[in-house]
$ cat upload_23.txt   # compact mmCIF, C-alpha atoms and all ligand atoms
# COMPACT_ATOMS: atom_id res chain seq x y z
CA MET A 1 10.07 -4.97 -23.08
CA LYS A 2 12.30 -6.06 -20.22
CA LYS A 3 10.49 -5.70 -16.91
CA HIS A 4 11.65 -3.08 -14.45
CA ASP A 5 13.94 -4.94 -12.08
CA ILE A 6 11.76 -5.74 -9.10
CA GLN A 7 14.82 -5.63 -6.85
CA GLY A 8 15.07 -1.93 -7.69
CA ILE A 9 11.83 -1.39 -5.78
CA LEU A 10 12.77 -3.76 -2.96
CA THR A 11 15.51 -3.66 -0.33
CA ASN A 12 16.89 -7.17 0.25
CA LYS A 13 13.60 -8.56 -1.15
CA LYS A 14 11.53 -6.53 1.32
CA ALA A 15 9.67 -3.25 1.06
CA LEU A 16 8.00 -0.42 2.91
CA PHE A 17 5.81 1.87 0.82
CA LEU A 18 4.10 5.08 1.92
CA ALA A 19 0.54 5.72 0.73
CA MET A 20 -1.22 9.05 0.40
CA ASP A 21 -4.41 8.62 -1.61
CA GLN A 22 -6.70 8.87 1.41
CA GLY A 23 -7.81 12.39 0.39
CA LEU A 24 -9.74 10.74 -2.43
CA GLU A 25 -10.72 7.53 -0.64
CA HIS A 26 -11.79 9.04 2.71
CA GLY A 27 -11.76 12.81 2.25
CA PRO A 28 -9.93 15.57 4.12
CA LYS A 29 -11.07 14.22 7.51
CA ASP A 30 -7.92 12.08 7.60
CA PHE A 31 -5.74 15.21 7.54
CA THR A 32 -4.86 18.20 9.69
CA VAL A 33 -3.85 21.72 8.67
CA LYS A 34 -0.26 20.43 8.66
CA THR A 35 -0.68 17.07 6.91
CA ILE A 36 -3.12 18.27 4.23
CA ASN A 37 -0.11 19.80 2.45
CA PRO A 38 1.15 16.95 0.22
CA GLU A 39 4.72 18.23 0.65
CA TYR A 40 4.57 17.35 4.34
CA VAL A 41 4.00 13.68 3.46
CA LEU A 42 6.41 13.69 0.52
CA ASP A 43 9.16 14.96 2.84
CA ILE A 44 8.52 11.98 5.12
CA ALA A 45 8.74 9.61 2.14
CA VAL A 46 12.17 10.97 1.18
CA LYS A 47 13.61 11.42 4.67
CA GLY A 48 12.25 8.03 5.75
CA LYS A 49 13.78 6.41 2.63
CA PHE A 50 10.61 4.56 1.69
CA ASN A 51 10.75 2.07 -1.19
CA GLY A 52 8.02 3.97 -2.97
CA MET A 53 5.46 6.76 -2.63
CA ILE A 54 1.90 5.90 -3.63
CA LEU A 55 -0.04 8.83 -5.09
CA GLN A 56 -2.97 9.55 -7.34
CA LYS A 57 -2.19 11.38 -10.58
CA GLY A 58 -3.19 14.90 -9.49
CA ILE A 59 -0.86 15.09 -6.52
CA ALA A 60 1.95 13.46 -8.49
CA GLN A 61 1.56 16.04 -11.28
CA LYS A 62 1.45 19.02 -8.99
CA TYR A 63 3.88 18.09 -6.22
CA PHE A 64 6.15 15.16 -7.06
CA GLU A 65 8.75 16.83 -9.29
CA ASN A 66 10.95 18.03 -6.41
CA TYR A 67 10.85 14.62 -4.74
CA ARG A 68 11.43 12.46 -7.80
CA LYS A 69 15.11 11.87 -7.02
CA GLY A 70 14.35 10.95 -3.43
CA VAL A 71 11.71 8.26 -3.72
CA PRO A 72 10.27 6.04 -6.50
CA LEU A 73 6.75 6.89 -7.68
CA ILE A 74 3.95 4.35 -7.53
CA LEU A 75 0.87 5.69 -9.24
CA LYS A 76 -2.53 4.58 -8.01
CA ILE A 77 -4.59 4.47 -11.18
CA ASN A 78 -8.08 3.85 -9.90
CA GLY A 79 -10.05 5.17 -6.99
CA LYS A 80 -13.36 6.39 -5.60
CA THR A 81 -14.68 8.68 -2.89
CA GLY A 82 -16.13 7.28 0.30
CA ILE A 83 -19.40 9.20 -0.05
CA ALA A 84 -21.89 7.09 -1.99
CA ASP A 85 -23.13 3.88 -0.39
CA VAL A 86 -23.17 1.88 -3.63
CA ASP A 87 -21.74 -1.43 -4.80
CA PRO A 88 -17.96 -1.04 -4.50
CA TYR A 89 -16.28 -0.02 -7.74
CA ALA A 90 -13.24 2.21 -8.22
CA SER A 91 -12.92 3.79 -11.67
CA GLN A 92 -9.68 4.01 -13.53
CA THR A 93 -8.20 7.50 -13.03
CA CYS A 94 -5.10 7.35 -15.19
CA SER A 95 -3.72 5.29 -18.08
CA VAL A 96 -0.65 3.11 -17.76
CA LYS A 97 0.91 5.15 -20.58
CA GLN A 98 0.48 8.35 -18.56
CA ALA A 99 1.84 6.65 -15.44
CA VAL A 100 4.95 5.63 -17.38
CA LYS A 101 5.32 9.19 -18.75
CA MET A 102 5.20 10.44 -15.19
CA GLY A 103 8.03 8.10 -14.23
CA ALA A 104 6.07 5.52 -12.21
CA VAL A 105 7.89 2.27 -11.45
CA ALA A 106 4.59 0.57 -10.65
CA VAL A 107 0.85 1.15 -10.90
CA GLY A 108 -1.71 0.36 -8.22
CA TYR A 109 -5.28 -0.78 -8.74
CA THR A 110 -7.98 -1.57 -6.17
CA LEU A 111 -10.04 -4.63 -7.00
CA TYR A 112 -13.00 -5.12 -4.69
CA ILE A 113 -13.10 -8.90 -4.68
CA GLY A 114 -16.67 -10.22 -4.46
CA SER A 115 -18.28 -6.88 -5.32
CA PRO A 116 -21.29 -7.10 -7.66
CA ARG A 117 -19.12 -4.97 -9.96
CA GLU A 118 -16.13 -7.30 -9.71
CA ALA A 119 -16.32 -8.33 -13.39
CA GLU A 120 -15.73 -4.74 -14.55
CA MET A 121 -12.70 -4.42 -12.29
CA ILE A 122 -11.24 -7.77 -13.35
CA LYS A 123 -11.54 -6.67 -16.98
CA GLU A 124 -9.98 -3.28 -16.27
CA PHE A 125 -7.13 -4.80 -14.25
CA ALA A 126 -6.44 -7.40 -16.96
CA LYS A 127 -5.87 -4.63 -19.49
CA ILE A 128 -3.75 -2.62 -17.07
CA GLU A 129 -1.63 -5.67 -16.29
CA GLU A 130 -0.96 -6.29 -19.99
CA GLU A 131 -0.06 -2.66 -20.60
CA ALA A 132 2.18 -2.55 -17.53
CA ASN A 133 3.95 -5.66 -18.84
CA ASP A 134 4.44 -4.03 -22.23
CA TYR A 135 5.96 -0.95 -20.60
CA GLY A 136 8.02 -3.02 -18.19
CA ILE A 137 6.54 -1.62 -14.99
CA ARG A 138 5.06 -3.45 -12.02
CA THR A 139 1.49 -3.86 -10.80
CA ILE A 140 0.15 -3.74 -7.26
CA MET A 141 -3.37 -4.97 -6.64
CA TRP A 142 -5.17 -3.61 -3.58
CA ALA A 143 -7.21 -6.81 -3.12
CA TYR A 144 -10.05 -5.80 -0.85
CA PRO A 145 -12.99 -8.20 -0.44
CA ARG A 146 -15.94 -5.84 -0.13
CA GLY A 147 -19.64 -5.43 -0.88
CA ARG A 148 -22.92 -7.06 0.04
CA PHE A 149 -21.69 -10.62 -0.60
CA ILE A 150 -18.75 -10.26 1.77
CA LYS A 151 -19.71 -11.05 5.35
CA ASN A 152 -16.26 -10.57 6.86
CA ASP A 153 -13.56 -8.82 4.84
CA ILE A 154 -10.71 -10.12 7.02
CA ASP A 155 -11.81 -13.73 7.30
CA THR A 156 -8.74 -15.85 6.54
CA ASP A 157 -10.36 -17.89 3.76
CA THR A 158 -11.67 -14.72 2.14
CA LEU A 159 -8.21 -13.11 2.27
CA ALA A 160 -6.70 -16.31 0.87
CA TYR A 161 -9.15 -16.11 -2.05
CA ALA A 162 -8.17 -12.47 -2.61
CA ALA A 163 -4.47 -13.38 -2.55
CA ARG A 164 -4.99 -16.17 -5.07
CA THR A 165 -7.04 -13.88 -7.30
CA ALA A 166 -4.14 -11.41 -7.41
CA LEU A 167 -1.73 -14.19 -8.44
CA GLU A 168 -4.05 -15.57 -11.09
CA LEU A 169 -4.65 -12.11 -12.56
CA GLY A 170 -0.92 -11.43 -12.78
CA ALA A 171 -0.29 -8.82 -10.08
CA ASP A 172 3.35 -8.45 -9.01
CA PHE A 173 2.27 -7.33 -5.54
CA VAL A 174 -0.96 -7.73 -3.64
CA LYS A 175 -1.84 -5.32 -0.89
CA MET A 176 -4.21 -6.71 1.70
CA LYS A 177 -5.40 -6.21 5.25
CA TYR A 178 -3.85 -8.24 8.05
CA ASN A 179 -6.16 -10.12 10.42
CA PHE A 180 -3.80 -11.13 13.27
CA ASP A 181 -4.30 -14.84 12.48
CA LEU A 182 -0.62 -15.68 11.98
CA PRO A 183 -1.01 -19.41 11.17
CA GLY A 184 -3.90 -18.61 8.83
CA TYR A 185 -1.98 -15.80 7.15
CA LYS A 186 0.85 -18.18 6.27
CA TRP A 187 -1.75 -19.92 4.09
CA VAL A 188 -2.84 -16.56 2.64
CA VAL A 189 0.76 -15.84 1.61
CA LYS A 190 1.12 -19.36 0.16
CA CYS A 191 -2.00 -18.74 -1.92
CA ALA A 192 -0.37 -15.59 -3.35
CA GLY A 193 2.50 -17.75 -4.69
CA ARG A 194 5.05 -15.55 -6.48
CA THR A 195 2.92 -12.44 -6.02
CA HIS A 196 4.49 -10.42 -3.20
CA VAL A 197 2.15 -9.74 -0.30
CA LEU A 198 2.08 -6.28 1.29
CA ILE A 199 0.09 -5.47 4.40
CA ALA A 200 -2.12 -2.36 4.43
CA GLY A 201 -2.02 -0.17 7.50
CA GLY A 202 -5.55 0.98 8.19
CA GLU A 203 -6.56 3.60 10.73
CA LYS A 204 -3.85 4.92 13.00
CA GLY A 205 -3.52 2.71 16.09
CA THR A 206 -0.92 2.29 18.81
CA GLU A 207 2.77 1.81 18.05
CA GLU A 208 2.57 -1.64 19.68
CA LYS A 209 -0.20 -2.73 17.32
CA LEU A 210 1.59 -1.46 14.23
CA LEU A 211 4.90 -3.10 15.15
CA THR A 212 3.21 -6.38 16.07
CA GLU A 213 1.37 -6.30 12.74
CA ALA A 214 4.66 -5.71 10.90
CA SER A 215 6.37 -8.51 12.78
CA GLU A 216 3.58 -11.06 12.23
CA ALA A 217 3.32 -10.09 8.57
CA MET A 218 7.00 -10.80 8.06
CA LYS A 219 6.72 -14.08 9.97
CA ALA A 220 3.83 -15.05 7.68
CA GLY A 221 6.11 -14.55 4.67
CA CYS A 222 4.96 -11.14 3.47
CA THR A 223 7.30 -8.86 1.53
CA GLY A 224 6.45 -5.80 3.60
CA MET A 225 3.88 -3.10 4.15
CA ALA A 226 2.22 -0.23 2.32
CA ILE A 227 0.95 2.16 4.96
CA GLY A 228 -0.16 5.74 5.29
CA ARG A 229 -2.05 7.09 8.27
CA ASN A 230 0.01 5.21 10.87
CA VAL A 231 3.02 7.16 9.62
CA TRP A 232 1.94 10.62 8.51
CA GLN A 233 -0.71 11.07 11.23
CA HIS A 234 1.94 10.22 13.82
CA ASN A 235 3.55 13.04 15.82
CA ASN A 236 6.92 11.40 15.18
CA PRO A 237 6.62 10.09 11.62
CA LEU A 238 10.32 9.46 11.03
CA GLU A 239 10.81 7.70 14.35
CA ILE A 240 7.84 5.37 13.78
CA THR A 241 9.11 4.75 10.23
CA ALA A 242 12.52 3.76 11.60
CA ALA A 243 10.86 1.37 14.07
CA VAL A 244 8.73 -0.30 11.37
CA LYS A 245 11.84 -0.62 9.20
CA LYS A 246 13.71 -2.30 12.05
CA VAL A 247 11.03 -4.98 12.12
CA ILE A 248 10.73 -5.40 8.35
CA PHE A 249 14.36 -5.15 7.28
CA GLU A 250 16.30 -6.12 10.39
CA ASN A 251 13.95 -8.72 11.79
CA ALA A 252 13.75 -6.85 15.13
CA SER A 253 11.09 -7.95 17.60
CA PRO A 254 8.18 -5.54 18.17
CA ALA A 255 9.43 -4.99 21.73
CA ALA A 256 12.97 -4.11 20.60
CA ALA A 257 11.66 -1.79 17.87
CA LEU A 258 9.33 -0.09 20.34
CA LYS A 259 12.19 0.43 22.77
CA SER A 260 14.35 2.08 20.13
CA PHE A 261 11.35 4.16 18.99
CA LYS A 262 10.83 5.46 22.53
CA ALA A 263 14.53 6.17 22.94
CA SER A 264 14.71 8.15 19.69
CA VAL A 265 11.62 10.18 20.58
CA GLU A 266 13.13 10.91 24.01
CA LYS A 267 16.39 12.00 22.36
CA ARG A 268 14.57 14.48 20.11
CA LYS A 269 12.89 16.22 23.04
P1 LIG A 301 -3.66 3.48 5.31
O1 LIG A 301 -2.40 2.81 5.84
O2 LIG A 301 -3.75 4.91 5.74
O3 LIG A 301 -4.89 2.68 5.63
O4 LIG A 301 -3.51 3.52 3.74
C1 LIG A 301 -3.56 2.36 2.99
C2 LIG A 301 -4.70 2.38 1.99
O5 LIG A 301 -4.70 1.20 1.22
C3 LIG A 301 -4.67 3.58 1.07
O6 LIG A 301 -3.89 3.37 -0.06
C4 LIG A 301 -6.12 3.79 0.77
O7 LIG A 301 -6.46 5.11 0.63
C5 LIG A 301 -6.82 3.29 1.98
O8 LIG A 301 -5.95 2.43 2.65
C6 LIG A 301 -8.10 2.60 1.61
O9 LIG A 301 -8.67 2.07 2.75
P2 LIG A 301 -10.19 1.67 2.85
O10 LIG A 301 -10.70 1.39 1.48
O11 LIG A 301 -10.15 0.46 3.74
O12 LIG A 301 -10.85 2.81 3.51
$ encode --input "upload_23.txt" --output "structure tokens"
Amino acid sequence: MKKHDIQGILTNKKALFLAMDQGLEHGPKDFTVKTINPEYVLDIAVKGKFNGMILQKGIAQKYFENYRKGVPLILKINGKTGIADVDPYASQTCSVKQAVKMGAVAVGYTLYIGSPREAEMIKEFAKIEEEANDYGIRTIMWAYPRGRFIKNDIDTDTLAYAARTALELGADFVKMKYNFDLPGYKWVVKCAGRTHVLIAGGEKGTEEKLLTEASEAMKAGCTGMAIGRNVWQHNNPLEITAAVKKVIFENASPAAALKSFKASVEKRK
């Protein structure tokens, strides 16, 4: 089958995706009474014109219908809770067939590179990648080095290995952490070859940090970002989205994007 046109997910070869699977990965502690309602985050995805909304199956089934026309669906099809302190492994939660039925343009899979259970995940991802190819949808690998053999999960060489693994296993996108080593990250992106690199957000930090991260990621040759908490935990989610987009799509400096963020927040008051 002809592959879903990757440009349909991207904007001028760049992308900003919104993630909301943290309820499974971290638990409700990431949310407030306001943000725990999935519709709050889905509204941001549509109003912020994200390139895709990343959800687990349950939330997609129960909440996505009204948002379908506003934002493409990216289904995360494996996951785990953050409770048990065991060797990292995230079980498959949904088939590719089901993801396609639900209208997903891409499926996401976390592969804990270096985990003692890595072999199981490589096998699972290989099957998912073949099925996604058959259905003509895209794959995004969350390539997270993790487990007792990983001393430093954001060491440049370790991230480069993760990036290369994603390319060799056939992922269309690889989502990874950024480590603020810009020269080193250029190598990481080179290692990913034709697999598009997306930067993960992590815990909510300052606007300066987020915009600097976006800017350095783009300078390193990344395709964009896939973030969650830095947007929907923000008091001004649409304004911070607009600022990140300025950096990713318009090549704005972090300082210029921050200035326009502050001006738009002021204007709303
Ligand atoms: P955030 O921007 O909120 O970190 O979301 C990105 C993400 O990759 C989510 O998709 C996922 O739930 C989470 O981070 C996993 O993070 P970790 O495994 O590091 O806790």
$ atom_distance --input "upload_23.txt" --atom1 "atom CA of A:Lys127" --atom2 "atom C6 of ligand LIG 301 (chain A)"
22.4 Å
$ residues_near_ligand --input "upload_23.txt" --ligand "ligand LIG 301 (chain A)" --cutoff "10 Å" --atoms "only C-alpha atoms and all ligand atoms" --output "ChimeraX atom specification"
/A:17-27,30,54-56,76,79-82,88,108-110,112,142-144,146,153,175-177,199-204,225-233
$ closest_residue --input "upload_23.txt" --among "A:Asn251, A:Asn133, A:Ser95, A:Asn78" --to "A:Gly224" --atoms "only C-alpha atoms"
A:Asn251
$ closest_residue --input "upload_23.txt" --among "A:Val265, A:Leu211, A:Ala257, A:Ile137" --to "A:Val105" --atoms "only C-alpha atoms"
A:Ile137
$ atom_distance --input "upload_23.txt" --atom1 "atom CA of A:Phe125" --atom2 "atom CA of A:Leu42"
27.3 Å
$ residues_around --input "upload_23.txt" --residues "A:Arg268" --least-positions-apart "5" --cutoff "10 Å" --atoms "only C-alpha atoms" --output "mmCIF file with C-alpha atoms, in the frame of the given file"
data_model
loop_
_atom_site.group_PDB
_atom_site.id
_atom_site.type_symbol
_atom_site.label_atom_id
_atom_site.label_comp_id
_atom_site.auth_asym_id
_atom_site.auth_seq_id
_atom_site.Cartn_x
_atom_site.Cartn_y
_atom_site.Cartn_z
ATOM 1 C CA ASN A 236 6.920 11.400 15.180
ATOM 2 C CA GLU A 239 10.810 7.700 14.350
ATOM 3 C CA ALA A 263 14.530 6.170 22.940
#
$ axis_aligned_box --input "upload_23.txt" --around "stretch 239-254 of chain A" --padding-each-side "6 Å" --output "JSON"
{"center_x": 12.1, "center_y": -0.5, "center_z": 12.7, "size_x": 20.5, "size_y": 28.4, "size_z": 22.9}
$ closest_residue --input "upload_23.txt" --among "A:Lys209, A:Lys49, A:Lys262, A:Lys62" --to "A:Thr11" --atoms "only C-alpha atoms"
A:Lys49
